[in-house]
Structure formats: C-alpha cells, structure tokens
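Peer 1: What follows is my_file29.txt, made up of compact mmCIF, C-alpha atoms and all ligand atoms:
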# COMPACT_ATOMS: atom_id res chain seq x y z
CA MET A 189 -54.60 -70.42 -62.78
CA SER A 190 -54.15 -72.53 -59.66
CA PRO A 191 -57.05 -74.59 -58.30
CA THR A 192 -57.24 -72.30 -55.30
CA GLN A 193 -57.66 -69.22 -57.45
CA ASP A 194 -60.52 -70.58 -59.54
CA GLY A 195 -62.39 -72.06 -56.60
CA VAL A 196 -62.09 -75.81 -57.28
CA ASP A 197 -60.44 -76.55 -53.90
CA ASP A 198 -63.10 -74.59 -52.10
CA ALA A 199 -65.82 -76.32 -54.13
CA VAL A 200 -64.48 -79.77 -53.24
CA ARG A 201 -64.38 -78.90 -49.53
CA THR A 202 -67.93 -77.61 -49.83
CA LEU A 203 -69.17 -80.83 -51.47
CA ARG A 204 -67.40 -82.92 -48.80
CA ARG A 205 -69.18 -81.11 -45.99
CA GLY A 206 -72.56 -81.50 -47.66
CA GLY A 207 -72.75 -78.08 -49.32
CA LEU A 208 -74.05 -77.09 -52.74
CA VAL A 209 -71.78 -76.11 -55.63
CA ALA A 210 -73.03 -74.61 -58.87
CA PHE A 211 -70.73 -75.47 -61.75
CA PRO A 212 -70.63 -75.10 -65.53
CA THR A 213 -71.08 -78.03 -67.87
CA GLU A 214 -70.98 -77.91 -71.66
CA THR A 215 -74.82 -78.00 -71.71
CA VAL A 216 -76.12 -75.83 -68.84
CA TYR A 217 -74.97 -74.98 -65.32
CA GLY A 218 -75.61 -77.68 -62.72
CA LEU A 219 -76.31 -77.40 -58.99
CA GLY A 220 -74.13 -80.10 -57.47
CA ALA A 221 -74.25 -82.08 -54.25
CA ASP A 222 -72.31 -85.14 -53.06
CA ALA A 223 -74.37 -87.96 -54.60
CA SER A 224 -73.51 -90.22 -51.64
CA ASN A 225 -74.73 -87.78 -48.96
CA ALA A 226 -78.48 -88.08 -48.28
CA ALA A 227 -78.64 -84.86 -46.25
CA ALA A 228 -76.89 -82.89 -49.00
CA LEU A 229 -79.32 -84.31 -51.56
CA ARG A 230 -82.31 -83.32 -49.43
CA ARG A 231 -80.98 -79.77 -49.25
CA LEU A 232 -80.51 -79.81 -53.02
CA TYR A 233 -84.18 -80.71 -53.54
CA GLU A 234 -85.20 -78.03 -51.08
CA VAL A 235 -83.21 -75.31 -52.83
CA LYS A 236 -84.48 -76.41 -56.23
CA ALA A 237 -88.02 -76.60 -54.81
CA ARG A 238 -88.19 -79.91 -56.61
CA PRO A 239 -90.49 -82.83 -55.71
CA ALA A 240 -88.60 -85.67 -53.98
CA ASP A 241 -89.65 -88.34 -56.47
CA HIS A 242 -87.86 -86.64 -59.35
CA PRO A 243 -84.48 -88.25 -60.09
CA VAL A 244 -81.24 -86.30 -60.52
CA ILE A 245 -78.34 -87.07 -62.85
CA VAL A 246 -75.05 -88.25 -61.33
CA HIS A 247 -72.03 -86.53 -62.92
CA LEU A 248 -68.84 -88.57 -63.07
CA PRO A 249 -65.18 -87.85 -63.79
CA THR A 250 -63.63 -89.32 -66.92
CA ARG A 251 -61.65 -92.46 -66.23
CA PRO A 252 -59.67 -94.74 -68.57
CA THR A 253 -62.58 -97.13 -69.22
CA VAL A 254 -66.37 -96.93 -69.23
CA ASP A 255 -66.51 -99.59 -66.47
CA ALA A 256 -64.17 -97.59 -64.25
CA THR A 257 -66.18 -94.44 -64.94
CA VAL A 258 -69.53 -95.99 -64.09
CA GLY A 259 -68.06 -97.89 -61.14
CA ARG A 260 -70.58 -98.69 -58.44
CA TRP A 261 -73.27 -96.33 -59.78
CA GLY A 262 -74.69 -98.52 -62.53
CA ALA A 263 -75.29 -102.24 -62.72
CA PRO A 264 -73.62 -104.04 -65.70
CA LEU A 265 -74.24 -101.96 -68.82
CA THR A 266 -76.15 -103.22 -71.85
CA PRO A 267 -74.10 -103.34 -75.10
CA ALA A 268 -76.00 -100.28 -76.38
CA ALA A 269 -75.22 -98.29 -73.22
CA ARG A 270 -71.58 -99.25 -73.47
CA ALA A 271 -71.37 -98.27 -77.15
CA LEU A 272 -72.98 -94.89 -76.48
CA ALA A 273 -70.78 -94.20 -73.46
CA GLU A 274 -67.63 -95.10 -75.36
CA ALA A 275 -68.54 -92.88 -78.30
CA CYS A 276 -70.11 -89.91 -76.52
CA TRP A 277 -68.51 -89.51 -73.08
CA PRO A 278 -67.40 -87.00 -72.12
CA GLY A 279 -70.28 -85.18 -73.80
CA PRO A 280 -73.91 -84.06 -73.72
CA LEU A 281 -75.38 -87.55 -73.22
CA THR A 282 -77.06 -88.89 -70.08
CA LEU A 283 -77.50 -92.65 -69.92
CA VAL A 284 -80.26 -94.12 -67.79
CA VAL A 285 -79.09 -97.54 -66.61
CA ARG A 286 -80.03 -99.95 -63.85
CA ARG A 287 -78.82 -98.52 -60.56
CA GLY A 288 -76.05 -100.08 -58.56
CA PRO A 289 -76.96 -101.37 -55.07
CA ALA A 290 -75.28 -98.50 -53.21
CA VAL A 291 -77.11 -95.71 -55.05
CA LEU A 292 -79.29 -93.66 -52.71
CA ASP A 293 -83.05 -93.36 -53.22
CA GLU A 294 -82.58 -89.59 -52.94
CA VAL A 295 -80.71 -89.75 -56.29
CA THR A 296 -83.12 -91.97 -58.20
CA GLY A 297 -86.38 -90.71 -56.75
CA GLY A 298 -86.99 -94.30 -55.70
CA ALA A 299 -86.72 -95.68 -59.26
CA ASP A 300 -84.60 -98.75 -60.03
CA THR A 301 -82.57 -96.80 -62.59
CA VAL A 302 -80.02 -94.00 -62.40
CA GLY A 303 -79.04 -91.29 -64.88
CA LEU A 304 -75.27 -90.98 -65.45
CA ARG A 305 -73.32 -88.39 -67.36
CA VAL A 306 -69.70 -87.37 -67.92
CA PRO A 307 -69.65 -83.66 -68.76
CA ASP A 308 -67.26 -82.29 -71.36
CA GLN A 309 -66.26 -79.07 -69.64
CA PRO A 310 -62.75 -78.52 -68.26
CA LEU A 311 -63.78 -76.85 -64.99
CA ALA A 312 -66.46 -79.50 -64.37
CA GLN A 313 -63.94 -82.26 -64.99
CA ARG A 314 -61.39 -80.66 -62.65
CA LEU A 315 -64.07 -80.46 -59.97
CA LEU A 316 -65.20 -84.07 -60.49
CA ARG A 317 -61.65 -85.42 -60.54
CA ALA A 318 -60.65 -83.53 -57.43
CA PHE A 319 -63.83 -84.66 -55.66
CA GLY A 320 -63.22 -88.19 -56.93
CA ASP A 321 -66.81 -89.42 -56.93
CA GLY A 322 -70.31 -88.82 -58.25
CA VAL A 323 -71.88 -85.37 -58.03
CA ALA A 324 -75.67 -85.26 -58.30
CA ALA A 325 -76.71 -82.19 -60.22
CA PRO A 326 -79.93 -80.90 -61.72
CA SER A 327 -79.81 -77.73 -63.77
CA ALA A 328 -79.03 -74.81 -61.45
CA ASN A 329 -82.37 -73.05 -61.81
CA ARG A 330 -85.36 -72.94 -59.52
CA PHE A 331 -87.86 -75.76 -60.41
CA GLY A 332 -89.83 -74.83 -63.54
CA ARG A 333 -87.50 -72.02 -64.72
CA VAL A 334 -85.39 -71.90 -67.87
CA SER A 335 -81.99 -73.58 -67.37
CA PRO A 336 -79.01 -71.28 -66.70
CA THR A 337 -76.27 -71.03 -69.30
CA THR A 338 -74.16 -68.37 -67.55
CA ALA A 339 -73.06 -67.82 -63.96
CA ALA A 340 -75.19 -64.66 -63.93
CA HIS A 341 -78.31 -66.76 -64.67
CA VAL A 342 -77.47 -68.99 -61.69
CA ARG A 343 -77.09 -65.95 -59.45
CA ALA A 344 -80.39 -64.55 -60.67
CA ASP A 345 -82.25 -67.74 -59.71
CA LEU A 346 -80.40 -69.19 -56.73
CA ASP A 347 -78.29 -66.48 -55.15
CA GLY A 348 -77.93 -67.05 -51.43
CA ASP A 349 -78.75 -70.77 -51.67
CA VAL A 350 -75.54 -71.77 -53.42
CA ASP A 351 -72.40 -72.19 -51.28
CA VAL A 352 -69.93 -71.96 -54.15
CA LEU A 353 -70.48 -70.85 -57.74
CA LEU A 354 -67.80 -71.82 -60.25
CA ASP A 355 -67.87 -69.47 -63.23
CA GLY A 356 -66.78 -71.14 -66.45
CA GLY A 357 -68.29 -68.56 -68.78
CA PRO A 358 -71.20 -69.25 -71.13
CA CYS A 359 -72.02 -72.91 -71.81
CA ARG A 360 -70.80 -74.24 -75.15
CA VAL A 361 -73.90 -76.29 -76.08
CA GLY A 362 -76.65 -74.32 -74.35
CA VAL A 363 -79.40 -76.95 -74.10
CA GLU A 364 -79.50 -79.86 -71.66
CA SER A 365 -78.03 -83.30 -72.36
CA THR A 366 -79.80 -85.87 -74.49
CA ILE A 367 -81.18 -88.59 -72.18
CA VAL A 368 -81.22 -92.17 -73.48
CA ASP A 369 -82.79 -94.90 -71.39
CA CYS A 370 -80.69 -98.04 -71.81
CA SER A 371 -82.00 -99.75 -68.68
CA ALA A 372 -84.11 -102.35 -70.48
CA GLY A 373 -84.69 -103.47 -74.06
CA GLU A 374 -84.17 -101.11 -76.96
CA PRO A 375 -82.69 -97.70 -76.09
CA VAL A 376 -85.34 -94.99 -75.81
CA VAL A 377 -84.75 -91.23 -75.94
CA LEU A 378 -86.36 -89.58 -72.90
CA ARG A 379 -85.19 -86.05 -73.72
CA LEU A 380 -83.80 -84.54 -76.93
CA GLY A 381 -80.71 -82.51 -76.15
CA GLY A 382 -77.19 -81.50 -77.01
CA LEU A 383 -76.35 -84.73 -78.83
CA ALA A 384 -77.59 -84.62 -82.45
CA PRO A 385 -80.27 -87.26 -83.17
CA GLU A 386 -78.36 -88.06 -86.38
CA ARG A 387 -75.36 -89.08 -84.25
CA LEU A 388 -77.50 -91.40 -82.10
CA HIS A 389 -78.92 -92.95 -85.25
CA ALA A 390 -75.43 -93.57 -86.62
CA LEU A 391 -74.18 -95.06 -83.35
CA LEU A 392 -77.18 -97.33 -82.73
CA GLY A 393 -77.77 -98.31 -86.36
CA SER A 394 -81.36 -97.06 -86.24
CA GLN A 395 -83.27 -94.07 -84.92
CA PRO A 396 -84.25 -94.79 -81.31
CA ALA A 397 -87.85 -94.16 -80.29
CA VAL A 398 -88.48 -90.88 -78.48
CA ARG A 399 -90.67 -91.23 -75.41
CA ASP A 400 -90.62 -87.77 -73.93
CA ASP A 401 -94.22 -87.58 -72.76
CA GLY A 402 -93.24 -88.04 -69.13
CA SER A 403 -94.23 -91.71 -69.01
CA ARG A 404 -90.67 -92.73 -68.22
CA ALA A 405 -89.00 -89.54 -67.12
CA ALA A 406 -90.03 -86.91 -64.68
CA PRO A 407 -89.70 -83.17 -64.63
CA GLY A 408 -87.61 -82.07 -67.59
CA THR A 409 -90.17 -83.51 -69.94
CA ARG A 410 -93.07 -81.51 -68.55
CA PRO A 411 -94.12 -78.55 -70.68
CA SER A 412 -93.72 -75.94 -67.96
CA HIS A 413 -89.95 -76.49 -67.92
CA TYR A 414 -88.21 -74.29 -70.50
CA ALA A 415 -90.93 -71.62 -70.48
CA PRO A 416 -90.19 -67.97 -69.79
CA HIS A 417 -92.93 -65.85 -68.20
CA ALA A 418 -93.71 -64.35 -71.59
CA GLU A 419 -96.19 -66.37 -73.61
CA VAL A 420 -94.32 -68.19 -76.38
CA VAL A 421 -95.99 -68.48 -79.79
CA VAL A 422 -94.24 -70.68 -82.35
CA THR A 423 -95.01 -69.94 -85.97
CA ASP A 424 -93.39 -69.92 -89.42
CA ALA A 425 -91.80 -66.86 -91.03
CA HIS A 426 -94.86 -66.22 -93.23
CA HIS A 427 -97.24 -65.89 -90.29
CA ALA A 428 -94.96 -64.11 -87.82
CA ASN A 429 -96.20 -60.57 -88.60
CA GLU A 430 -99.83 -61.61 -88.42
CA ARG A 431 -99.39 -63.36 -85.08
CA ALA A 432 -97.40 -60.46 -83.64
CA ALA A 433 -100.03 -57.94 -84.81
CA ALA A 434 -102.85 -59.99 -83.25
CA LEU A 435 -101.00 -60.09 -79.92
CA LEU A 436 -100.26 -56.34 -80.10
CA ALA A 437 -103.97 -55.75 -80.59
CA THR A 438 -104.64 -57.32 -77.16
CA GLY A 439 -102.40 -54.67 -75.59
CA ALA A 440 -99.52 -57.07 -75.02
CA ARG A 441 -95.85 -56.09 -75.27
CA VAL A 442 -94.64 -58.34 -78.06
CA GLY A 443 -91.25 -59.57 -79.20
CA LEU A 444 -90.17 -61.61 -82.20
CA LEU A 445 -87.35 -64.13 -82.02
CA ALA A 446 -86.27 -64.81 -85.61
CA THR A 447 -83.13 -64.78 -87.73
CA THR A 448 -84.26 -61.76 -89.74
CA PRO A 449 -87.10 -59.35 -89.04
CA PRO A 450 -89.76 -59.99 -91.71
CA ALA A 451 -90.63 -57.04 -93.98
CA GLY A 452 -93.64 -55.23 -92.60
CA LEU A 453 -93.09 -56.27 -88.97
CA PRO A 454 -95.16 -53.86 -86.83
CA ALA A 455 -92.82 -51.20 -85.40
CA ALA A 456 -93.97 -51.86 -81.85
CA VAL A 457 -92.61 -55.42 -81.96
CA ALA A 458 -89.17 -55.83 -80.37
CA TRP A 459 -86.96 -57.97 -82.58
CA LEU A 460 -84.66 -60.40 -80.78
CA ALA A 461 -82.05 -61.54 -83.29
CA ALA A 462 -81.79 -65.34 -83.49
CA PRO A 463 -78.42 -66.54 -84.81
CA ALA A 464 -78.77 -68.26 -88.20
CA ASP A 465 -76.35 -71.01 -87.15
CA VAL A 466 -78.31 -73.57 -85.16
CA ASP A 467 -75.45 -74.41 -82.79
CA GLU A 468 -75.11 -70.72 -81.97
CA LEU A 469 -78.88 -70.44 -81.54
CA ALA A 470 -78.83 -73.36 -79.07
CA ARG A 471 -76.01 -71.62 -77.17
CA GLN A 472 -78.01 -68.40 -76.90
CA LEU A 473 -81.55 -69.83 -76.63
CA TYR A 474 -82.07 -69.66 -72.85
CA ALA A 475 -80.38 -66.26 -72.58
CA LEU A 476 -82.77 -64.97 -75.27
CA LEU A 477 -85.80 -66.39 -73.43
CA ARG A 478 -84.58 -64.76 -70.20
CA ARG A 479 -84.09 -61.51 -72.08
CA ALA A 480 -87.72 -61.59 -73.21
CA ASP A 481 -88.65 -61.56 -69.52
CA ASP A 482 -86.05 -58.95 -68.56
CA ASP A 483 -87.42 -56.70 -71.32
CA GLY A 484 -90.89 -57.08 -69.84
CA LEU A 485 -92.42 -58.78 -72.89
CA ASP A 486 -95.83 -60.40 -72.46
CA ALA A 487 -95.51 -62.51 -75.58
CA LEU A 488 -92.68 -63.79 -77.73
CA VAL A 489 -93.38 -64.92 -81.28
CA VAL A 490 -90.72 -67.41 -82.37
CA VAL A 491 -89.75 -68.69 -85.80
CA PRO A 492 -87.99 -71.98 -84.97
CA PRO A 493 -84.96 -73.42 -86.79
CA ASP A 494 -84.91 -76.63 -88.83
CA PRO A 495 -85.06 -79.65 -86.50
CA THR A 496 -81.69 -81.05 -87.56
CA GLY A 497 -78.68 -81.53 -85.28
CA VAL A 498 -79.11 -79.64 -82.04
CA GLY A 499 -82.00 -77.85 -83.80
CA ALA A 500 -84.20 -80.81 -82.80
CA ALA A 501 -83.68 -79.93 -79.13
CA VAL A 502 -84.21 -76.21 -79.78
CA VAL A 503 -87.54 -76.93 -81.52
CA ASP A 504 -88.47 -79.29 -78.66
CA ARG A 505 -87.85 -76.62 -75.99
CA LEU A 506 -89.70 -73.93 -77.93
CA THR A 507 -92.66 -76.22 -78.55
CA ARG A 508 -92.85 -77.09 -74.85
CA ALA A 509 -92.56 -73.44 -73.87
CA ALA A 510 -95.39 -72.63 -76.31
CA ALA A 511 -97.59 -75.37 -74.86
CA THR A 512 -97.39 -73.85 -71.40
CA ARG A 513 -100.14 -71.75 -69.96
CA THR A 514 -99.50 -70.74 -66.39
CA PRO A 515 -101.85 -68.46 -64.43
CA GLU A 516 -99.25 -65.69 -64.14
CA ARG A 517 -98.99 -65.61 -67.93
CA THR A 518 -102.67 -65.34 -68.76
CA ARG A 519 -102.63 -61.60 -68.20
O1 LIG B 601 -77.43 -81.26 -69.36
C1 LIG B 601 -77.93 -81.74 -68.35
O2 LIG B 601 -78.41 -82.88 -68.32
C2 LIG B 601 -77.93 -80.86 -67.09
C3 LIG B 601 -76.49 -80.68 -66.63
C4 LIG B 601 -76.37 -79.93 -65.34
O3 LIG B 601 -75.87 -81.93 -66.55
N1 LIG B 601 -78.73 -81.45 -66.07
C5 LIG B 601 -80.07 -81.49 -66.12
O4 LIG B 601 -80.64 -82.02 -64.96
O5 LIG B 601 -80.72 -81.07 -67.05
P1 LIG B 601 -82.18 -81.86 -64.64
O6 LIG B 601 -82.33 -82.47 -63.29
O7 LIG B 601 -82.59 -80.47 -64.80
O8 LIG B 601 -82.88 -82.78 -65.69
C6 LIG B 601 -82.59 -84.15 -65.63
C7 LIG B 601 -83.68 -84.96 -66.27
C8 LIG B 601 -84.99 -84.89 -65.51
O9 LIG B 601 -86.05 -84.79 -66.46
C9 LIG B 601 -85.05 -86.25 -64.83
O10 LIG B 601 -86.37 -86.68 -64.66
C10 LIG B 601 -84.29 -87.13 -65.79
O11 LIG B 601 -83.25 -86.31 -66.22
N2 LIG B 601 -83.73 -88.29 -65.11
C11 LIG B 601 -82.71 -88.35 -64.23
N3 LIG B 601 -82.53 -89.60 -63.78
C12 LIG B 601 -83.45 -90.36 -64.41
C13 LIG B 601 -83.81 -91.75 -64.37
N4 LIG B 601 -83.16 -92.60 -63.58
N5 LIG B 601 -84.82 -92.17 -65.15
C14 LIG B 601 -85.49 -91.31 -65.95
N6 LIG B 601 -85.22 -89.99 -66.04
C15 LIG B 601 -84.22 -89.53 -65.28
MG MG B 602 -83.67 -78.90 -65.31
Taking this structure as input, can you express it in the form of structure tokens?
Ligand code: TXA
Ligand code: MG

Peer 2:
Amino acid sequence: MSPTQDGVDDAVRTLRRGGLVAFPTETVYGLGADASNAAALRRLYEVKARPADHPVIVHLPTRPTVDATVGRWGAPLTPAARALAEACWPGPLTLVVRRGPAVLDEVTGGADTVGLRVPDQPLAQRLLRAFGDGVAAPSANRFGRVSPTTAAHVRADLDGDVDVLLDGGPCRVGVESTIVDCSAGEPVVLRLGGLAPERLHALLGSQPAVRDDGSRAAPGTRPSHYAPHAEVVVTDAHHANERAAALLATGARVGLLATTPPAGLPAAVAWLAAPADVDELARQLYALLRRADDDGLDALVVVPPDPTGVGAAVVDRLTRAAATRTPERTR
C-alpha cells in the first residue's frame, strides 16, 4: 500500500498545517497535533475538552540512538531513563524526564518535565518518521471517557473534530502505556500500563514505587478516567452471583464480565465473555466496557484477572472504574 493510499501523506500535511490526526498506537489510539505548534495544541485541548494544565505525551519516531530519539525534547537523561528507553522503546512505555528548553508550556501543562514515548505500531512509526518531529497525543477520546482501541471508537467519540483518522485496526496491547517518572531521584511509576511490572523490576533491579494517586501526574490517574457509564462493581467469582442479584433487585439492567458464567447466574444477567488470556483481555477491555454502555447496562459486575503482567493494568483500570460515582450513573 502506498503512503497516499493509507493516508500518511495526508496526515503529515494535516499536522504541518496545525490540524489534528487520530492514529493507532500499540496501546490505544492517540489524537495527534504538531508538538511544536502552540495553536494546534490549544485546538487539541479544546477538542479533548481537557484542562490546559494537564500535560500531553510527545510521540517520537525511532532513531538509531536514544539521544537522537529524544533530541531537543528532554534534557540529559538519567541512567535509569536511558536504560529503560534502550530496553523498551519502541514500546508501551512513557518516560517523564526533565523538559528541554524549547518544549512548549502547552505540552507540559507548565510543568518542568515532559512525557516522551516511542510507539511500537507500524502506521504510527510511518507517520512519525514522515512528519520528522514530535507529535503530542493524548488518547483519542473525549476527556473522561474510556480510551479508544479501534478507529470506530475514535469516530464514536470525536467524529467531526478530527481532520484525519488513520485506521490501523484494533490496538495490540489495549491499555495505555506505563508511565515512569525518571525526572528526579529513583524512578517512580505514575501509571500502570502495557509494560509488565515484572519487566520494569528486571530492568531496574528492584520494583519501582507506584505513585498513581495524582500527586505527580494529572488526568489519567483520576478515577473517572476508564469508567463506562454503567456502574462497575469488582468482585471475586464466589460473590459475582450475589452482587448481580442484588443489583437486579434494584431494577438495574445488569451484566457480568467474567471468563466463565458462574453456575446459578440469574438469567436476567447479560454475560460478557472475558478472555481467559490476560493479554487478550487487555486488548478487549475497553471494547467490552463500551459494549456494556451500548447494550444499555446500568451495572457491570466484573471478576478481575490476576494482577500479573498486563493484568496489573487491567485490575488498575477496573478498580478505578469501580471507584467512580458520577451523577449520571446514580440512577
Ligand atoms: O498509551 C498511551 O500513553 C496513549 C497513547 C496515545 O500514546 N496516550 C495516553 O495519553 O494515554 P493521555 O493524555 O490520555 O494520558 C497521558 C498521561 C496523563 O495522565 C498525563 O497526566 C500524564 O500522562 N503525563 C504526561 N506528561 C506528563 C508529565 N510531564 N508529568 C507527569 N505526567 C504526565
Ligand atoms: Mg487518556
């Protein structure tokens, strides 16, 4: 397929004139703008309906060395940042490092750090290489909605506000990148994500602290992110029937997201099949949460996977979704 046919040329022209391009990454779809164009970044925040003090990740093309990749975006990297970048880029890892002098405040939300990531997705890499510079991109959903893992999800949330949508099919990982703050002192995990915690442990020689309470990161660590409209109730397999029955008794339309439907599950409960393989579950997670809404469910009882590998991020997202109580969901 030539670049013209799959839209990369058009996407690059769009970025150059300050437009917005939705593109696939291995984690979730991103909504990209030229990271060096303040006006384009302001439009990005507007379309996302995102507060201006929330930083966005800069996506970079792979280059022969980590230094060439980071270029003017980050100040000299700490040894830990360098080790992680060398081992994990391209891949589902965002590094927060001290920002380079030329990085716009619109990217960092005014902070003295910047989040950098090299996505491992062929269409994303072709776009970034052809563009030749950093593309700022949050997930391509409206602020507070579940991240999109297909082009159809992007259309459902942002249709009309995106100038070009590159369709790379469903995302391979399905949950957002792991964010590690390497800007000062010991590396700290700000968001669990597509990179297995076990891998971080192996690369750093110890398990980094997780500080995902929002004290050092902004929006993606707030509970309301990752929540569908349906109320999410996380429970274990033994209590799933009981919880579902109690919700049914309130008149709610109830679904169960679990690998197998437990014996005795009330017939009125819609079973959403969760893949037994945790990587496959991560891939399908956001589509399943969107389906709960599309099916008109008021409540979704979820039996989470083991928190190993990408399962840690899946459990994290489900727990955050379950902690959310928004007015529209207290029906
Ligand atoms: O997988 C991903 O990371 C996807 C794809 C598109 O790359 N992007 C993504 O972006 O999830 P977004 O904006 O939805 O979430 C980025 C998170 C936010 O919680 C933001 O606060 C945090 O990264 N972040 C970005 N720059 C930061 C910085 N300098 N310091 C602390 N947190 C930062
Ligand atoms: Mg997001």

Peer 1: Considering only C-alpha atoms and all ligand atoms, state which residue in the set A:Gly381, A:Pro454, A:Gly484, A:Gly218 is at the smallest distance from ligand LIG 601 (chain B).

Peer 2: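 Of all the options, A:Gly218 lies closest to ligand LIG 601 (chain B).
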
Peer 1: Can you work out the spacing between CA of Arg230 (chain A) and CA of Val254 (chain A) in Å, to one decimal?

Peer 2: 28.8 Å

Peer 1: Neighbouring residues of region 329-344 of chain A were defined as those with any atom within 10 Å, considering all atoms listed in the file; residues of the same chain fewer than 4 positions away were excluded. Please report them as a PyMOL selection string.

Peer 2: chain A and resi 210-219+233-239+348-350+353-364+407-408+410-417+471-475+477-478+505+509

Peer 1: What is the distance, in Å and to one decimal place, between atom C2 of ligand LIG 601 (chain B) and CA of Ala324 (chain A)?

Peer 2: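 So the two atoms, atom C2 of ligand LIG 601 (chain B) and CA of Ala324 (chain A), lie 10.1 Å apart.
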
Peer 1: Name the closest residue to ligand MG 602 (chain B) among the candidates A:Pro243, A:Pro493, A:Pro249, A:Gly373; distances are taken between atoms, counting all atoms listed in the file.

Peer 2: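 Smallest separation from ligand MG 602 (chain B) among the options: A:Pro243.
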
Peer 1: Can you pull out every residue within 10 Å of Val491 (chain A), counting all atoms listed in the file, but drop anything in the same chain fewer than 5 positions away, and send it as a compact mmCIF listing (two decimals) with C-alpha atoms, in the frame of the given file?

Peer 2:
# COMPACT_ATOMS: atom_id res chain seq x y z
CA VAL A 421 -95.99 -68.48 -79.79
CA VAL A 422 -94.24 -70.68 -82.35
CA THR A 423 -95.01 -69.94 -85.97
CA ASP A 424 -93.39 -69.92 -89.42
CA ALA A 425 -91.80 -66.86 -91.03
CA HIS A 426 -94.86 -66.22 -93.23
CA HIS A 427 -97.24 -65.89 -90.29
CA ALA A 428 -94.96 -64.11 -87.82
CA LEU A 444 -90.17 -61.61 -82.20
CA LEU A 445 -87.35 -64.13 -82.02
CA ALA A 446 -86.27 -64.81 -85.61
CA THR A 447 -83.13 -64.78 -87.73
CA THR A 448 -84.26 -61.76 -89.74
CA ALA A 462 -81.79 -65.34 -83.49
CA VAL A 503 -87.54 -76.93 -81.52
CA LEU A 506 -89.70 -73.93 -77.93

Peer 1: Can you build me a table of region 226-255 of chain A residues sitting at most 9 Å from region 284-298 of chain A, with the closest atom pair per residue and its distance in Å to one decimal, using only C-alpha atoms, sorted by chain and residue number, as a tab-separated table?

Peer 2:
residue	atom	partner	partner_atom	distance
A:Ala226	CA	A:Glu294	CA	6.4
A:Leu229	CA	A:Glu294	CA	6.4
A:Arg230	CA	A:Glu294	CA	7.2
A:Pro239	CA	A:Gly297	CA	8.9
A:Ala240	CA	A:Gly297	CA	6.2
A:Asp241	CA	A:Gly297	CA	4.0
A:His242	CA	A:Gly297	CA	5.1
A:Pro243	CA	A:Thr296	CA	4.4
A:Val244	CA	A:Val295	CA	5.5
A:Ile245	CA	A:Val295	CA	7.5
A:Val246	CA	A:Val295	CA	7.7

Peer 1: Considering only C-alpha atoms, can you say which of A:Asp369, A:Asp321, A:Asp483, A:Glu274 comes closest to Thr301 (chain A)?

Peer 2: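 Checking each candidate against Thr301 (chain A), we get A:Asp369 as the closest.
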
Peer 1: Nearest residue to Asp481 (chain A) out of A:Ala228, A:Ala455, A:Val352, A:Ala418, using only C-alpha atoms?

Peer 2: A:Ala418

Peer 1: Could you check which of A:Gly259, A:Pro278, A:Pro326, A:Pro492 is closest to ligand LIG 601 (chain B), using only C-alpha atoms and all ligand atoms?

Peer 2: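 Once distances to ligand LIG 601 (chain B) are computed over only C-alpha atoms and all ligand atoms, the minimum belongs to A:Pro326.
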
Peer 1: With all atoms listed in the file as the atoms that count, which of A:Gly497, A:Pro307, A:Gly439, A:Pro450 lies nearest to Leu248 (chain A)?

Peer 2: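 Among A:Gly497, A:Pro307, A:Gly439, A:Pro450, it is A:Pro307 that comes nearest to Leu248 (chain A).
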
Peer 1: Residues within 12 Å of (-94.1, -53.2, -85.8), file coordinates, counting only C-alpha atoms: what are they? Give the list as a PDB file with C-alpha atoms, keeping the file's coordinate frame.

Peer 2:
ATOM      1  CA  ALA A 428     -94.960 -64.110 -87.820  1.00  0.00           C
ATOM      2  CA  ASN A 429     -96.200 -60.570 -88.600  1.00  0.00           C
ATOM      3  CA  GLU A 430     -99.830 -61.610 -88.420  1.00  0.00           C
ATOM      4  CA  ARG A 431     -99.390 -63.360 -85.080  1.00  0.00           C
ATOM      5  CA  ALA A 432     -97.400 -60.460 -83.640  1.00  0.00           C
ATOM      6  CA  ALA A 433    -100.030 -57.940 -84.810  1.00  0.00           C
ATOM      7  CA  ALA A 434    -102.850 -59.990 -83.250  1.00  0.00           C
ATOM      8  CA  LEU A 435    -101.000 -60.090 -79.920  1.00  0.00           C
ATOM      9  CA  LEU A 436    -100.260 -56.340 -80.100  1.00  0.00           C
ATOM     10  CA  ALA A 437    -103.970 -55.750 -80.590  1.00  0.00           C
ATOM     11  CA  ARG A 441     -95.850 -56.090 -75.270  1.00  0.00           C
ATOM     12  CA  VAL A 442     -94.640 -58.340 -78.060  1.00  0.00           C
ATOM     13  CA  GLY A 443     -91.250 -59.570 -79.200  1.00  0.00           C
ATOM     14  CA  LEU A 444     -90.170 -61.610 -82.200  1.00  0.00           C
ATOM     15  CA  PRO A 449     -87.100 -59.350 -89.040  1.00  0.00           C
ATOM     16  CA  PRO A 450     -89.760 -59.990 -91.710  1.00  0.00           C
ATOM     17  CA  ALA A 451     -90.630 -57.040 -93.980  1.00  0.00           C
ATOM     18  CA  GLY A 452     -93.640 -55.230 -92.600  1.00  0.00           C
ATOM     19  CA  LEU A 453     -93.090 -56.270 -88.970  1.00  0.00           C
ATOM     20  CA  PRO A 454     -95.160 -53.860 -86.830  1.00  0.00           C
ATOM     21  CA  ALA A 455     -92.820 -51.200 -85.400  1.00  0.00           C
ATOM     22  CA  ALA A 456     -93.970 -51.860 -81.850  1.00  0.00           C
ATOM     23  CA  VAL A 457     -92.610 -55.420 -81.960  1.00  0.00           C
ATOM     24  CA  ALA A 458     -89.170 -55.830 -80.370  1.00  0.00           C
ATOM     25  CA  TRP A 459     -86.960 -57.970 -82.580  1.00  0.00           C
TER      26      TRP A 459
END
